[in-house]
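Next comes entry-v2.txt, a file with compact mmCIF, C-alpha atoms.
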```txt
# COMPACT_ATOMS: atom_id res chain seq x y z
CA MET A 20 -11.42 155.95 -102.56
CA VAL A 21 -15.13 155.17 -102.64
CA ALA A 22 -17.44 157.98 -103.75
CA SER A 23 -19.28 157.94 -100.43
CA GLU A 24 -16.01 158.34 -98.50
CA GLN A 25 -15.00 161.22 -100.74
CA TRP A 26 -18.39 162.84 -100.20
CA LEU A 27 -18.07 162.41 -96.43
CA GLN A 28 -14.58 163.94 -96.45
CA GLN A 29 -15.85 166.92 -98.44
CA LEU A 30 -18.71 167.34 -95.97
CA ASN A 31 -16.33 167.19 -92.98
CA ALA A 32 -13.94 169.68 -94.59
CA THR A 33 -16.78 172.05 -95.39
CA CYS A 34 -18.21 171.83 -91.87
CA ASN A 35 -14.75 172.46 -90.41
CA ARG A 36 -14.34 175.47 -92.68
CA LEU A 37 -17.76 176.75 -91.66
CA SER A 38 -17.02 176.50 -87.94
CA THR A 39 -13.54 178.01 -88.36
CA GLN A 40 -14.88 180.97 -90.28
CA TYR A 41 -17.67 181.47 -87.76
CA LEU A 42 -15.09 181.58 -84.99
CA SER A 43 -13.03 184.03 -87.05
CA LEU A 44 -16.12 186.19 -87.50
CA LEU A 45 -16.77 186.21 -83.75
CA ARG A 46 -13.16 187.13 -83.01
CA ALA A 47 -13.16 189.95 -85.53
CA ALA A 48 -16.45 191.32 -84.24
CA SER A 49 -15.38 191.43 -80.60
CA SER A 50 -12.61 193.15 -78.72
CA VAL A 51 -11.06 191.92 -75.50
CA SER A 52 -10.88 195.47 -74.17
CA ALA A 53 -14.53 196.05 -75.08
CA LEU A 54 -15.50 192.99 -73.05
CA GLU A 55 -13.68 194.15 -69.93
CA GLU A 56 -15.35 197.01 -68.06
CA GLY A 57 -13.37 199.88 -66.63
CA ARG A 58 -10.26 199.35 -68.75
CA HIS A 59 -8.74 201.88 -71.07
CA ASP A 60 -8.68 200.77 -74.70
CA PRO A 61 -4.97 200.46 -75.64
CA ARG A 62 -5.86 201.11 -79.26
CA ALA A 63 -7.14 204.59 -78.45
CA GLY A 64 -3.68 206.14 -78.60
CA GLY A 65 -4.30 208.47 -75.69
CA THR A 66 -6.58 210.94 -77.48
CA LEU A 67 -10.21 211.39 -76.60
CA MET A 68 -13.22 211.43 -78.87
CA LYS A 69 -15.52 213.96 -77.23
CA THR A 70 -18.23 213.84 -79.89
CA ALA A 71 -19.36 211.35 -82.49
CA SER A 72 -18.09 213.65 -85.26
CA ASP A 73 -14.49 213.57 -83.94
CA PRO A 74 -12.28 211.27 -86.00
CA PRO A 75 -11.02 208.20 -84.13
CA PRO A 76 -7.34 208.01 -83.23
CA PRO A 77 -5.22 206.29 -85.90
CA PRO A 78 -4.60 203.03 -83.98
CA LEU A 79 -8.31 202.62 -83.27
CA ALA A 80 -9.28 203.49 -86.83
CA ALA A 81 -6.78 200.95 -88.20
CA ASP A 82 -8.05 198.27 -85.80
CA VAL A 83 -11.67 198.95 -86.77
CA ALA A 84 -10.79 198.79 -90.47
CA LEU A 85 -8.95 195.50 -89.95
CA SER A 86 -11.83 194.03 -87.91
CA SER A 87 -14.29 195.16 -90.56
CA LEU A 88 -12.25 193.49 -93.31
CA GLN A 89 -11.93 190.29 -91.26
CA CYS A 90 -15.70 190.27 -90.68
CA LEU A 91 -16.39 190.68 -94.39
CA THR A 92 -13.92 187.94 -95.31
CA ALA A 93 -15.29 185.55 -92.69
CA THR A 94 -18.86 186.28 -93.83
CA ASP A 95 -17.95 185.57 -97.45
CA ASN A 96 -16.22 182.33 -96.44
CA ILE A 97 -19.27 181.27 -94.42
CA LEU A 98 -21.49 181.89 -97.43
CA VAL A 99 -19.18 179.81 -99.65
CA ALA A 100 -19.11 176.97 -97.11
CA CYS A 101 -22.92 177.01 -96.82
CA ASN A 102 -23.16 176.90 -100.61
CA GLN A 103 -20.81 173.91 -100.68
CA ILE A 104 -22.87 172.11 -98.03
CA LEU A 105 -26.04 172.71 -100.06
CA THR A 106 -24.29 171.34 -103.15
CA LEU A 107 -23.21 168.25 -101.21
CA ILE A 108 -26.77 167.74 -99.97
CA ARG A 109 -28.10 168.07 -103.51
CA THR A 110 -25.51 165.54 -104.72
CA LEU A 111 -26.56 163.08 -102.02
CA ARG A 112 -30.25 163.49 -102.81
CA LEU A 113 -29.60 163.07 -106.52
CA SER A 114 -27.48 159.96 -106.00
CA LEU A 115 -30.23 158.45 -103.84
CA LEU A 116 -32.82 159.21 -106.50
CA LEU A 117 -30.68 157.67 -109.22
CA MET A 118 -29.91 154.44 -107.38
CA ASP A 119 -32.04 151.54 -108.49
CA HIS A 120 -33.34 148.88 -106.14
CA ASP A 121 -30.59 146.34 -106.97
CA THR A 122 -27.82 148.88 -106.36
CA MET A 123 -29.35 149.95 -103.05
CA HIS A 124 -29.70 146.30 -101.97
CA ALA A 125 -26.06 145.61 -102.92
CA GLU A 126 -24.92 148.69 -100.97
CA GLU A 127 -26.90 147.57 -97.91
CA CYS A 128 -25.47 144.04 -98.17
CA LEU A 129 -21.95 145.46 -98.38
CA GLN A 130 -22.49 147.58 -95.27
CA VAL A 131 -23.95 144.60 -93.39
CA GLU A 132 -20.98 142.44 -94.39
CA LEU A 133 -18.51 145.12 -93.31
CA SER A 134 -20.29 145.45 -89.96
CA ARG A 135 -20.27 141.68 -89.53
CA GLN A 136 -16.52 141.56 -90.25
CA ARG A 137 -15.87 144.32 -87.71
CA ALA A 138 -17.95 142.46 -85.11
CA ASP A 139 -16.07 139.20 -85.78
CA GLN A 140 -12.73 140.98 -85.51
CA THR A 141 -13.82 142.57 -82.23
CA LEU A 142 -14.91 139.20 -80.84
CA ARG A 143 -11.55 137.65 -81.77
CA GLU A 144 -9.77 140.52 -80.04
CA ILE A 145 -11.94 140.08 -76.94
CA ALA A 146 -11.22 136.34 -76.91
CA ARG A 147 -7.51 137.10 -77.13
CA LEU A 148 -7.53 139.73 -74.37
CA GLU A 149 -9.89 138.04 -71.91
CA PRO A 150 -7.39 135.38 -70.68
CA GLN A 151 -4.79 138.08 -70.16
CA LEU A 152 -7.27 140.14 -68.13
CA LEU A 153 -8.27 137.15 -66.02
CA GLU A 154 -4.61 136.37 -65.40
CA LEU A 155 -3.93 139.94 -64.27
CA VAL A 156 -6.97 139.91 -61.96
CA GLN A 157 -5.82 136.58 -60.50
CA GLN A 158 -2.31 137.96 -59.93
CA GLU A 159 -3.73 141.02 -58.21
CA GLU A 160 -5.92 138.86 -55.96
CA ASN A 161 -2.91 136.66 -55.08
CA GLU A 162 -0.83 139.73 -54.23
CA THR A 163 -3.63 141.14 -52.08
CA THR A 164 -4.04 137.82 -50.28
CA THR A 165 -0.28 137.54 -49.75
CA THR A 166 -0.09 141.08 -48.40
CA THR A 167 -3.03 140.50 -46.04
CA THR A 168 -1.51 137.24 -44.79
CA ASN A 169 1.87 138.89 -44.17
CA ASP A 170 0.27 141.78 -42.29
CA ASN A 171 -1.45 139.40 -39.85
```

Using structure tokens, write down the structure that the file contains.
Amino acid sequence: MVASEQWLQQLNATCNRLSTQYLSLLRAASSVSALEEGRHDPRAGGTLMKTASDPPPPPLAADVALSSLQCLTATDNILVACNQILTLIRTLRLSLLLMDHDTMHAEECLQVELSRQRADQTLREIARLEPQLLELVQQEENETTTTTTNDN
């Protein structure tokens, strides 16, 4: 595997991890019952908290503790993913600084050649498929003409 492909895969994996952990953080920080007005929270366990000093019912306390732990874990994972992205950016900048003119020119030539090969392959595929498409269009026109003639 080429170093640039490996770098790109690491960047994609890190970005996926970042978005996944952000989603996890949002899920842990929100509650479906808190988003719906007028509904009783099923985690409340039937007891009421009349003042702020009253302890929460056990199911609610356990759910809050779990959500808090999930938020902390997701936050830590987001920080790690951001650190990895910064490291990847530093690696890219350093590799660009270290490349000499001849290496950069060779890399550009390679990319141009690869693009040219893809374009040639695409043109060959188009040339192969175009007669088939024209034949199908012609068949459809013949069927339409035949159907129109038979209807009259």

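Between atom CA of Cys101 of chain A and atom CA of Ser38 of chain A there is a distance of 10.7 Å.
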
Tell me which protein, DNA and RNA residues are within 12 Å of Leu27 of chain A, counting only C-alpha atoms, leaving out same-chain ones fewer than 6 positions away, and put them as a ChimeraX atom specification. /A:20-21,33-34,104,107-108,110-111

Take atom CA of Leu88 of chain A and atom CA of Leu42 of chain A and report the distance between them in Å, one decimal.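 For atom CA of Leu88 of chain A relative to atom CA of Leu42 of chain A, the distance reads 14.8 Å.
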
Find the residue from A:Arg109, A:Met118, A:Leu44, A:Met123 that sits nearest to Leu91 of chain A; use only C-alpha atoms when measuring.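 Closest to Leu91 of chain A of all the choices is A:Leu44.
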
Please measure the separation of atom CA of Gln40 of chain A and atom CA of Leu113 of chain A, giving the value in Å to one decimal.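 It comes out at 28.3 Å.
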
Determine the nearest neighbour of Thr94 of chain A from the options A:Thr39, A:Asp82, A:Leu116, A:Leu129, counting all atoms listed in the file. A:Thr39

Using only C-alpha atoms, which residue out of A:Gln157, A:Leu37, A:Gln25, A:Pro150 lies closest to Ala93 of chain A?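 Closest to Ala93 of chain A, using only C-alpha atoms: A:Leu37.
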
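For Gln89 of chain A, the list of residues within 10 Å, based on only C-alpha atoms and with local chain neighbours fewer than 6 positions off taken out, reads Gln40, Ser43, Leu44, Leu45, Arg46, Ala47, Ala48, Val83 and Asp95 of chain A.
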
Taking into account only C-alpha atoms, which residue in the set A:Cys128, A:Val99, A:Leu115, A:Leu85 is nearest to Ser23 of chain A?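 Under the stated criterion, the closest residue is A:Leu115.
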
Output segment 150-164 of chain A with N, CA and C atoms present, as a compact mmCIF listing (two decimals), in the coordinates of the input.
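Here's the written file out_19.txt:
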```txt
# COMPACT_ATOMS: atom_id res chain seq x y z
N PRO A 150 -8.28 136.16 -71.56
CA PRO A 150 -7.39 135.38 -70.68
C PRO A 150 -6.31 136.23 -70.02
N GLN A 151 -5.80 137.20 -70.75
CA GLN A 151 -4.79 138.08 -70.16
C GLN A 151 -5.38 138.88 -69.01
N LEU A 152 -6.61 139.38 -69.19
CA LEU A 152 -7.27 140.14 -68.13
C LEU A 152 -7.52 139.26 -66.91
N LEU A 153 -8.02 138.06 -67.14
CA LEU A 153 -8.27 137.15 -66.02
C LEU A 153 -6.98 136.82 -65.28
N GLU A 154 -5.90 136.66 -66.02
CA GLU A 154 -4.61 136.37 -65.40
C GLU A 154 -4.15 137.54 -64.54
N LEU A 155 -4.32 138.75 -65.05
CA LEU A 155 -3.93 139.94 -64.27
C LEU A 155 -4.79 140.09 -63.02
N VAL A 156 -6.09 139.83 -63.13
CA VAL A 156 -6.97 139.91 -61.96
C VAL A 156 -6.56 138.86 -60.93
N GLN A 157 -6.25 137.66 -61.40
CA GLN A 157 -5.82 136.58 -60.50
C GLN A 157 -4.52 136.95 -59.79
N GLN A 158 -3.58 137.53 -60.53
CA GLN A 158 -2.31 137.96 -59.93
C GLN A 158 -2.56 139.02 -58.87
N GLU A 159 -3.44 139.95 -59.17
CA GLU A 159 -3.73 141.02 -58.21
C GLU A 159 -4.39 140.45 -56.95
N GLU A 160 -5.28 139.49 -57.12
CA GLU A 160 -5.92 138.86 -55.96
C GLU A 160 -4.89 138.10 -55.14
N ASN A 161 -3.96 137.40 -55.79
CA ASN A 161 -2.91 136.66 -55.08
C ASN A 161 -2.02 137.62 -54.31
N GLU A 162 -1.68 138.75 -54.91
CA GLU A 162 -0.83 139.73 -54.23
C GLU A 162 -1.55 140.33 -53.03
N THR A 163 -2.84 140.59 -53.18
CA THR A 163 -3.63 141.14 -52.08
C THR A 163 -3.74 140.13 -50.94
N THR A 164 -3.95 138.87 -51.29
CA THR A 164 -4.04 137.82 -50.28
C THR A 164 -2.70 137.65 -49.57
```
